[in-house]
Structures are given as C-alpha cells and as structure tokens.
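Student: There's a structure below that I have some questions on.
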Amino acid sequence: MFKGLSHVAIAVPDLQKAIDRLAAAYSLTAGKIYENREQGVRLAYVELGNSRIELIEPTRSDGPIAAFIDKHPAGGLHHVSLYVDDVPVAIGELGKRDDVSVIGDGKLGKNAHGDDIAFIHPKSFLGTLLEIEQAPPEKK
Ligand code: CO
C-alpha cells in the first residue's frame, strides 16, 4: 500500500524565520510559499531529493496548526506523510479496520499541489499524525 516517504511536516510559529534559520545554519533552501486559506496555513517545502520537509505556519488563531503552536510555541514535528498508490482505495481499506481511525470519515482533502490527501489519527499510528498522499507517477 505504501510507496515511500513524501515528507515530514514541522509546524512553525514564523515561516520566514524558519526558512531563514534552515538556510543560515544548514544551507537548506525552501521553495515558494503557498497559502491555503481554507486550512488557515502558509507552507513551504525544502526539497531533499527523495523527500521533503514541509514547513507549516498558522495564519489564523482557530485552526489545528494554531492549536499545535499554542502547545509547542517553538514549533515541532506535526505529521509524517507517506505515499500510496490511490488515496481513496487506501482510506477504504484502512477505514474497514477497527484499530485504524481515519480523520474526517475519510473525506479527502487536497495538498498544496492539488493532490488527494487524508489523515490517520495519531492514536492509531504510534502517537504520530499520519498523512497519506497520492504518489506521483514515478513512485508507483
Ligand atoms: Co503534509
């Protein structure tokens, strides 16, 4: 079912400061900044060749990322994202299991690039929020 690591996501209180910090200390370069108004976040990706670091900053005080930053003011690891062949099929299979909790009843979301995504609750993935994402053609 799983086809590799898409990204690890770090929630940050200030996206530009995070981008500047990674550049200054680690020579890691973030690409363009995306805004997702629905989710109330701004995002940027640091390309690592075979995977990425996703940096997420809340733009509203009422969303899940803002709540995470309230608990972790300096930021921290927010989720891990794995590729699957087909998000609806994967969610259908995982959703049948009593020991896997799909967030939002399996209703699919979209990532910054318009691909299907869904989330698995941390209580059913070793205490870590799991995002599953449509694999690009070369990963299938
Ligand atoms: Co993500």
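In the structure tokens, the first chain shown is A, the next is B, and so on; residue numbers restart at 1 for each chain, and ligands run from 1 in the order shown.
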Show me which residues sit within 10 Å of ligand 1 when counting only C-alpha atoms and all ligand atoms, and put them as number ranges by chain.

Tutor: A: 6-10, 43, 45, 52-56, 78-82, 111-112, 117-119, 129-133

Student: Could you pull the residues within 10 Å of Phe125 in chain A, counting only C-alpha atoms, minus those fewer than 6 positions along the same chain, as an mmCIF file with N, CA and C atoms, in the first residue's frame?

Tutor:
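As a result, selection13.cif now contains:
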```cif
data_model
loop_
_atom_site.group_PDB
_atom_site.id
_atom_site.type_symbol
_atom_site.label_atom_id
_atom_site.label_comp_id
_atom_site.auth_asym_id
_atom_site.auth_seq_id
_atom_site.Cartn_x
_atom_site.Cartn_y
_atom_site.Cartn_z
ATOM 1 N N ASP A 99 -8.998 -0.882 14.304
ATOM 2 C CA ASP A 99 -7.843 -0.323 15.010
ATOM 3 C C ASP A 99 -7.178 0.821 14.241
ATOM 4 N N VAL A 100 -7.844 1.323 13.197
ATOM 5 C CA VAL A 100 -7.325 2.483 12.456
ATOM 6 C C VAL A 100 -8.415 3.542 12.408
ATOM 7 N N SER A 101 -8.073 4.740 12.869
ATOM 8 C CA SER A 101 -9.038 5.831 12.893
ATOM 9 C C SER A 101 -8.690 6.850 11.807
#
```

Student: Mind pulling up the distance from CA of Arg97 in chain A to CA of Asp85 in chain A?

Tutor: 18.9 Å

Student: Contacts of Arg42 in chain A at 7 Å or less, counting only C-alpha atoms, minus same-chain residues fewer than 2 places along, as number ranges by chain?

Tutor: A: 33-36, 56-59

Student: Write a file of the selected residues as a PDB file, in the first residue's frame, keeping C-alpha atoms.

Tutor:
```pdb
ATOM      1  CA  ILE A  33       5.467  29.893  -0.179  1.00  0.00           C
ATOM      2  CA  TYR A  34       1.937  28.511  -0.623  1.00  0.00           C
ATOM      3  CA  GLU A  35      -1.099  29.815   1.181  1.00  0.00           C
ATOM      4  CA  ASN A  36      -4.089  27.588   1.990  1.00  0.00           C
ATOM      5  CA  ILE A  56       3.623  24.989   8.132  1.00  0.00           C
ATOM      6  CA  GLU A  57       2.724  28.296   9.762  1.00  0.00           C
ATOM      7  CA  PRO A  58      -0.771  29.092  11.034  1.00  0.00           C
ATOM      8  CA  THR A  59      -2.379  32.224   9.580  1.00  0.00           C
TER       9      THR A  59
END
```

Student: Which residue gives the smallest distance to Gly127 in chain A among A:Leu77, A:Ala90, A:Leu5, A:Leu108, with only C-alpha atoms counted?

Tutor: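 Of all the options, A:Leu77 lies closest to Gly127 in chain A.
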
Student: Considering only helix (DSSP H, G or I) as DSSP defines it on the backbone, what residues of range 90-139 of chain A qualify? List them as a CSV table (one decimal) with N, CA and C atoms, in the first residue's frame.

Tutor:
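Output file out.csv is given in full below:
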```csv
chain,number,residue,atom,x,y,z
A,90,ALA,N,-6.8,3.4,-0.4
A,90,ALA,CA,-6.1,3.2,0.9
A,90,ALA,C,-7.0,3.5,2.0
A,91,ILE,N,-7.8,4.6,1.9
A,91,ILE,CA,-8.7,5.0,3.0
A,91,ILE,C,-9.8,4.0,3.2
A,92,GLY,N,-10.3,3.5,2.0
A,92,GLY,CA,-11.3,2.5,2.1
A,92,GLY,C,-10.9,1.2,2.9
A,93,GLU,N,-9.6,0.8,2.5
A,93,GLU,CA,-9.1,-0.4,3.2
A,93,GLU,C,-8.8,-0.1,4.7
A,94,LEU,N,-8.1,1.0,5.0
A,94,LEU,CA,-7.8,1.3,6.3
A,94,LEU,C,-9.0,1.6,7.2
A,95,GLY,N,-10.0,2.2,6.6
A,95,GLY,CA,-11.2,2.6,7.3
A,95,GLY,C,-12.1,1.4,7.7
A,103,ILE,N,-9.3,10.3,10.0
A,103,ILE,CA,-9.9,11.6,10.4
A,103,ILE,C,-10.9,12.1,9.4
A,104,GLY,N,-12.0,12.6,9.8
A,104,GLY,CA,-12.9,13.2,8.9
A,104,GLY,C,-13.7,12.2,8.1
A,105,ASP,N,-13.9,11.0,8.6
A,105,ASP,CA,-14.8,10.0,8.0
A,105,ASP,C,-14.3,9.7,6.6
A,106,GLY,N,-13.0,9.9,6.3
A,106,GLY,CA,-12.5,9.5,5.0
A,106,GLY,C,-12.7,10.5,3.9
A,122,PRO,N,-3.4,10.1,15.2
A,122,PRO,CA,-2.2,9.7,16.0
A,122,PRO,C,-2.5,8.5,16.9
A,123,LYS,N,-3.7,8.3,17.4
A,123,LYS,CA,-3.9,7.2,18.3
A,123,LYS,C,-3.8,5.9,17.6
A,124,SER,N,-3.9,5.9,16.3
A,124,SER,CA,-3.8,4.6,15.6
A,124,SER,C,-2.5,4.5,14.7
A,137,PRO,N,3.5,9.7,-10.4
A,137,PRO,CA,3.6,8.5,-11.3
A,137,PRO,C,4.9,7.8,-11.2
A,138,GLU,N,6.0,8.5,-10.9
A,138,GLU,CA,7.3,7.8,-10.9
A,138,GLU,C,7.5,7.0,-9.6
A,139,LYS,N,6.6,7.1,-8.6
A,139,LYS,CA,6.8,6.3,-7.4
A,139,LYS,C,5.9,5.1,-7.4
```

Student: Taking only C-alpha atoms into account, which of A:Pro13, A:Gly4, A:Gly63, A:Pro88 comes nearest Arg37 in chain A?

Tutor: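 Checking each candidate against Arg37 in chain A, we get A:Gly63 as the closest.
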